[in-house]
Amino acid sequence: MRVRTLELRLIGLVLAGCWAVAAAYVLIGYRPGGPIDIAVGLAALIPTAIALVGVIWPPVAHGDRGFTAMTWLAAGCLLVLIPSTADVSGQIGGRGVQTLLPSVEAGYPWVLGLFGTCLFTGFGIARRRLGPWAMRRRRIVRGVLLATGLAACSGLVFAAVAMANELALRDRVAASSRFGPTDLDRDPPSCGGAMGIGTSARLTVHLDAAVDGRSIGSVDVAGDRSVADVHWLAYVASTQELGLRGAATIGDENWIRDPSVAWRRATPAEVGDDDLDLTAFRIALSPDSRAAAQTGGLSIIEGARARQCRIAIDGPTFLAAFPQAAWLVGDADLAHWRGQLDYWVFVDGQIGRIQGSVNGDAADIETGALQATVRVDLTATDRDATIRITPPGP
């Protein structure tokens with residue numbers, strides 16, 4: 001019995017640690033400028049406290065079936081909490097999305113994780129209050145009732161604080177935003193509806209790759225586009241190469257830059273698909289690709305209202321949409337790679353941000369490696385503004 005008690009306490013500590021990491025992201029990183037930002041982070045600590053109660057009073061069961069059930073219950077909680085925590089870290093790390101409750105689809109994993117954690121703790125409290133020799137049915141009923149109460153109270157407290165903070169932010173209409181219109185009374189198009197890319201934009205693209213959890217490099221691109229004219233410069237730091245790359249197209253004239261040489265004139269074939277956001281939209285976000293898009297709810301990005309959408313994407317499409325990824329993976333075959341792509345469409349019907357990743361077999365990238373992941377984050381701001389594209393210097 002002592003061994004099982006210790007094992008369940010360790011499992012409870014893992015649960016509490018997972019909730020604590022998620023709460024830390026919110027408490028430290030969530031700063032959209034609302035009046036009660038800190039209160040949102042403090043409310044996010046409530047599930048951690050609930051899980052710690054389960055560490056103090058673990059749900060020890062006499063039979064093997066009961067112990068196995070508690071173990072699987074905790075494992076199920078972790079299966080939904082770990083990826084959800086990763087999503088929150090990316091959401092807050094992007095410093096763009098204001099709301100923590102964008103949609104039911106985004107919130108239900110947290111509800112499942114919270115209720116599972118409350119069940120784990122509720123059964124432990126029931127055992128403590130009723131005694132280890134109480135009838136099993138009575139302990140189960142008491143545990144479920146306690147779990148329901150804990151989950152409802154903690155969930156409602158967090159939802160109320162988060163929504164109050166968000167509503168206070170929505171009342172503050174930003175005068176302008178580089179991401180688009182700030183009119184909060186208008187809704188962005190649906191994920192599968194008509195949308196496009198601005199006639200001009202200031203562009204940034206960040207790509208990074210990892211093999212078996214170890215970084216193998218990154219690419220940072222900054223540039224401008226006006227209709228078909230484009231000029232960008234990229235800093236590449238990877239195991240494949242190190243240096244500056246770039247491309248420019250103005251009318252019928254083309255230039256490229258390689259790490260070993262400065263800017264030089266080039267043919268259209270050498271430049272290839274160099275228009276960044278237009279290439280990504282044309283290849284990855286065609287109407288057919290967006291037909292089955294999943295909605296992630298509405299968000300406020302730097303004062304501009306946007307709808308988050310998600311589609312599935314394969315490796316070849318990802319590489320064609322973001323050709324700069326080749327500087328990270330070389331000639332690796334991505335035919336069996338799979339991933340997802342999130343895009344944000346704003347009130348003006350234009351896409352202003354694209355974020356996603358693909359992963360697959362890493363054997364072609366590094367001998368003996370198992371899995372590789374490539375991530376991308378593209379922003380298109382000041383869309384439709386007057387932007388003058390100048391030829392690159394010598």
# chains A, B, ... in the order shown; residues from 1 in each chain; ligands from 1
>>> closest_atom_pairs(of="region 162-253 of chain A", to="region 350-365 of chain A", cutoff="9 Å", atoms="only C-alpha atoms", output="CSV")
residue,atom,partner,partner_atom,distance
A:Phe179,CA,A:Gly352,CA,6.3
A:Gly180,CA,A:Gly352,CA,8.0
A:Pro188,CA,A:Gln350,CA,8.9
A:Pro189,CA,A:Gln350,CA,9.0
A:Met195,CA,A:Gln350,CA,5.5
A:Gly196,CA,A:Gln350,CA,4.8
A:Ile197,CA,A:Gln350,CA,5.1
A:Gly198,CA,A:Gln350,CA,6.3
A:Val211,CA,A:Ala362,CA,6.7
A:Asp212,CA,A:Ala362,CA,8.2
>>> residues_around(residues="Ala69 (chain A)", least_positions_apart="6", cutoff="12 Å", atoms="only C-alpha atoms", output="JSON, numbers by chain")
{"A": [8, 59, 60, 61, 62, 63, 75, 76, 116, 119, 120, 123]}
>>> write_last_selection(atoms="N, CA and C atoms", output="mmCIF file, in the first residue's frame")
data_model
loop_
_atom_site.group_PDB
_atom_site.id
_atom_site.type_symbol
_atom_site.label_atom_id
_atom_site.label_comp_id
_atom_site.auth_asym_id
_atom_site.auth_seq_id
_atom_site.Cartn_x
_atom_site.Cartn_y
_atom_site.Cartn_z
ATOM 1 N N LEU A 8 1.214 7.109 -6.577
ATOM 2 C CA LEU A 8 0.131 8.048 -6.880
ATOM 3 C C LEU A 8 0.513 9.477 -6.514
ATOM 4 N N PRO A 59 -5.562 9.206 -4.245
ATOM 5 C CA PRO A 59 -6.717 8.293 -4.337
ATOM 6 C C PRO A 59 -6.284 6.828 -4.324
ATOM 7 N N VAL A 60 -5.761 6.383 -3.199
ATOM 8 C CA VAL A 60 -5.260 5.011 -3.083
ATOM 9 C C VAL A 60 -6.433 4.029 -3.082
ATOM 10 N N ALA A 61 -6.321 2.988 -3.877
ATOM 11 C CA ALA A 61 -7.359 1.953 -3.948
ATOM 12 C C ALA A 61 -6.761 0.617 -3.530
ATOM 13 N N HIS A 62 -7.584 -0.248 -2.941
ATOM 14 C CA HIS A 62 -7.091 -1.545 -2.464
ATOM 15 C C HIS A 62 -6.871 -2.518 -3.624
ATOM 16 N N GLY A 63 -7.762 -2.537 -4.564
ATOM 17 C CA GLY A 63 -7.663 -3.500 -5.649
ATOM 18 C C GLY A 63 -6.783 -3.017 -6.788
ATOM 19 N N ALA A 75 -2.988 9.661 -16.557
ATOM 20 C CA ALA A 75 -2.344 9.643 -17.874
ATOM 21 C C ALA A 75 -3.205 10.346 -18.915
ATOM 22 N N GLY A 76 -4.512 10.132 -18.848
ATOM 23 C CA GLY A 76 -5.409 10.820 -19.783
ATOM 24 C C GLY A 76 -5.358 12.324 -19.617
ATOM 25 N N GLY A 116 -10.586 15.802 -15.095
ATOM 26 C CA GLY A 116 -9.813 14.610 -14.738
ATOM 27 C C GLY A 116 -8.958 14.839 -13.504
ATOM 28 N N LEU A 119 -11.195 14.829 -10.533
ATOM 29 C CA LEU A 119 -11.577 13.461 -10.171
ATOM 30 C C LEU A 119 -10.473 12.790 -9.360
ATOM 31 N N PHE A 120 -9.230 12.956 -9.825
ATOM 32 C CA PHE A 120 -8.078 12.381 -9.125
ATOM 33 C C PHE A 120 -8.046 12.866 -7.675
ATOM 34 N N PHE A 123 -11.401 11.778 -5.515
ATOM 35 C CA PHE A 123 -11.373 10.423 -4.959
ATOM 36 C C PHE A 123 -10.443 10.350 -3.746
#
>>> select_by_dssp(residues="region 128-266 of chain A", states="helix (DSSP H, G or I)", output="ChimeraX atom specification")
/A:128-130,136-170
>>> closest_residue(among="A:Val230, A:Ser215, A:Val347, A:Thr373", to="Ser299 (chain A)", atoms="only C-alpha atoms")
A:Val347
>>> residues_around(residues="Ala335 (chain A)", least_positions_apart="6", cutoff="8 Å", atoms="only C-alpha atoms", output="number ranges by chain")
A: 314-316
>>> write_last_selection(atoms="N, CA and C atoms", output="CSV table (one decimal), in the first residue's frame")
chain,number,residue,atom,x,y,z
A,314,ASP,N,1.1,18.9,-45.9
A,314,ASP,CA,2.1,17.9,-46.0
A,314,ASP,C,3.4,18.6,-46.3
A,315,GLY,N,4.5,17.8,-46.2
A,315,GLY,CA,5.8,18.3,-46.3
A,315,GLY,C,6.1,19.0,-47.7
A,316,PRO,N,5.8,18.4,-48.8
A,316,PRO,CA,6.1,19.0,-50.1
A,316,PRO,C,5.4,20.4,-50.2
>>> decode(residues="region 221-260 of chain A", atoms="N, CA and C atoms", output="mmCIF file, in the first residue's frame")
data_model
loop_
_atom_site.group_PDB
_atom_site.id
_atom_site.type_symbol
_atom_site.label_atom_id
_atom_site.label_comp_id
_atom_site.auth_asym_id
_atom_site.auth_seq_id
_atom_site.Cartn_x
_atom_site.Cartn_y
_atom_site.Cartn_z
ATOM 1 N N VAL A 221 13.756 36.283 -42.014
ATOM 2 C CA VAL A 221 13.571 37.049 -43.243
ATOM 3 C C VAL A 221 12.823 38.338 -42.925
ATOM 4 N N ALA A 222 13.264 39.438 -43.519
ATOM 5 C CA ALA A 222 12.559 40.717 -43.411
ATOM 6 C C ALA A 222 12.549 41.360 -44.786
ATOM 7 N N GLY A 223 11.391 41.877 -45.191
ATOM 8 C CA GLY A 223 11.318 42.482 -46.513
ATOM 9 C C GLY A 223 10.023 43.228 -46.738
ATOM 10 N N ASP A 224 9.888 43.765 -47.948
ATOM 11 C CA ASP A 224 8.704 44.524 -48.352
ATOM 12 C C ASP A 224 8.222 44.009 -49.695
ATOM 13 N N ARG A 225 6.912 44.163 -49.911
ATOM 14 C CA ARG A 225 6.337 43.798 -51.207
ATOM 15 C C ARG A 225 5.316 44.845 -51.613
ATOM 16 N N SER A 226 5.315 45.192 -52.890
ATOM 17 C CA SER A 226 4.317 46.079 -53.467
ATOM 18 C C SER A 226 3.853 45.465 -54.778
ATOM 19 N N VAL A 227 2.637 44.933 -54.787
ATOM 20 C CA VAL A 227 2.087 44.171 -55.918
ATOM 21 C C VAL A 227 3.051 43.014 -56.212
ATOM 22 N N ALA A 228 3.716 43.018 -57.372
ATOM 23 C CA ALA A 228 4.636 41.933 -57.706
ATOM 24 C C ALA A 228 6.084 42.283 -57.409
ATOM 25 N N ASP A 229 6.363 43.528 -57.036
ATOM 26 C CA ASP A 229 7.728 43.932 -56.692
ATOM 27 C C ASP A 229 8.015 43.545 -55.244
ATOM 28 N N VAL A 230 9.184 42.980 -55.017
ATOM 29 C CA VAL A 230 9.517 42.507 -53.678
ATOM 30 C C VAL A 230 11.016 42.632 -53.447
ATOM 31 N N HIS A 231 11.382 42.839 -52.189
ATOM 32 C CA HIS A 231 12.793 42.939 -51.806
ATOM 33 C C HIS A 231 12.912 42.423 -50.378
ATOM 34 N N TRP A 232 13.691 41.370 -50.171
ATOM 35 C CA TRP A 232 13.868 40.841 -48.821
ATOM 36 C C TRP A 232 15.286 40.351 -48.600
ATOM 37 N N LEU A 233 15.660 40.293 -47.327
ATOM 38 C CA LEU A 233 16.985 39.833 -46.916
ATOM 39 C C LEU A 233 16.798 38.824 -45.791
ATOM 40 N N ALA A 234 17.550 37.732 -45.842
ATOM 41 C CA ALA A 234 17.413 36.663 -44.851
ATOM 42 C C ALA A 234 18.755 36.360 -44.206
ATOM 43 N N TYR A 235 18.720 36.162 -42.891
ATOM 44 C CA TYR A 235 19.911 35.711 -42.171
ATOM 45 C C TYR A 235 19.735 34.233 -41.870
ATOM 46 N N VAL A 236 20.646 33.419 -42.386
ATOM 47 C CA VAL A 236 20.571 31.971 -42.244
ATOM 48 C C VAL A 236 21.671 31.508 -41.290
ATOM 49 N N ALA A 237 21.288 30.778 -40.274
ATOM 50 C CA ALA A 237 22.254 30.201 -39.333
ATOM 51 C C ALA A 237 21.832 28.762 -39.064
ATOM 52 N N SER A 238 22.468 27.824 -39.752
ATOM 53 C CA SER A 238 22.076 26.426 -39.627
ATOM 54 C C SER A 238 23.284 25.534 -39.829
ATOM 55 N N THR A 239 23.065 24.235 -39.664
ATOM 56 C CA THR A 239 24.134 23.279 -39.925
ATOM 57 C C THR A 239 24.427 23.164 -41.412
ATOM 58 N N GLN A 240 23.510 23.667 -42.245
ATOM 59 C CA GLN A 240 23.709 23.635 -43.691
ATOM 60 C C GLN A 240 24.569 24.803 -44.171
ATOM 61 N N GLU A 241 24.343 26.001 -43.623
ATOM 62 C CA GLU A 241 25.087 27.182 -44.058
ATOM 63 C C GLU A 241 24.930 28.311 -43.058
ATOM 64 N N LEU A 242 25.761 29.344 -43.240
ATOM 65 C CA LEU A 242 25.728 30.516 -42.375
ATOM 66 C C LEU A 242 25.980 31.749 -43.235
ATOM 67 N N GLY A 243 25.100 32.733 -43.144
ATOM 68 C CA GLY A 243 25.310 33.963 -43.899
ATOM 69 C C GLY A 243 24.013 34.621 -44.313
ATOM 70 N N LEU A 244 24.141 35.602 -45.204
ATOM 71 C CA LEU A 244 22.995 36.368 -45.683
ATOM 72 C C LEU A 244 22.565 35.887 -47.058
ATOM 73 N N ARG A 245 21.264 35.761 -47.231
ATOM 74 C CA ARG A 245 20.670 35.493 -48.537
ATOM 75 C C ARG A 245 19.608 36.547 -48.796
ATOM 76 N N GLY A 246 19.284 36.730 -50.058
ATOM 77 C CA GLY A 246 18.264 37.708 -50.370
ATOM 78 C C GLY A 246 17.786 37.579 -51.799
ATOM 79 N N ALA A 247 16.697 38.270 -52.086
ATOM 80 C CA ALA A 247 16.144 38.289 -53.439
ATOM 81 C C ALA A 247 15.367 39.580 -53.620
ATOM 82 N N ALA A 248 15.329 40.039 -54.852
ATOM 83 C CA ALA A 248 14.578 41.252 -55.179
ATOM 84 C C ALA A 248 14.078 41.155 -56.607
ATOM 85 N N THR A 249 12.856 41.625 -56.806
ATOM 86 C CA THR A 249 12.261 41.710 -58.135
ATOM 87 C C THR A 249 11.571 43.054 -58.258
ATOM 88 N N ILE A 250 11.988 43.843 -59.239
ATOM 89 C CA ILE A 250 11.366 45.138 -59.514
ATOM 90 C C ILE A 250 11.103 45.204 -61.008
ATOM 91 N N GLY A 251 9.849 45.115 -61.373
ATOM 92 C CA GLY A 251 9.520 45.077 -62.791
ATOM 93 C C GLY A 251 10.088 43.824 -63.433
ATOM 94 N N ASP A 252 10.882 44.022 -64.487
ATOM 95 C CA ASP A 252 11.506 42.896 -65.177
ATOM 96 C C ASP A 252 12.918 42.618 -64.687
ATOM 97 N N GLU A 253 13.372 43.334 -63.670
ATOM 98 C CA GLU A 253 14.734 43.166 -63.165
ATOM 99 C C GLU A 253 14.736 42.301 -61.911
ATOM 100 N N ASN A 254 15.758 41.464 -61.803
ATOM 101 C CA ASN A 254 15.859 40.537 -60.683
ATOM 102 C C ASN A 254 17.270 40.549 -60.108
ATOM 103 N N TRP A 255 17.344 40.364 -58.791
ATOM 104 C CA TRP A 255 18.624 40.270 -58.097
ATOM 105 C C TRP A 255 18.538 39.149 -57.057
ATOM 106 N N ILE A 256 19.681 38.546 -56.769
ATOM 107 C CA ILE A 256 19.763 37.602 -55.661
ATOM 108 C C ILE A 256 21.059 37.845 -54.904
ATOM 109 N N ARG A 257 21.080 37.373 -53.673
ATOM 110 C CA ARG A 257 22.292 37.446 -52.859
ATOM 111 C C ARG A 257 22.538 36.074 -52.247
ATOM 112 N N ASP A 258 23.797 35.612 -52.335
ATOM 113 C CA ASP A 258 24.217 34.353 -51.737
ATOM 114 C C ASP A 258 25.162 34.637 -50.575
ATOM 115 N N PRO A 259 25.349 33.672 -49.666
ATOM 116 C CA PRO A 259 26.249 33.912 -48.534
ATOM 117 C C PRO A 259 27.674 34.252 -48.943
ATOM 118 N N SER A 260 28.108 33.750 -50.090
ATOM 119 C CA SER A 260 29.503 33.941 -50.488
ATOM 120 C C SER A 260 29.736 35.194 -51.319
#
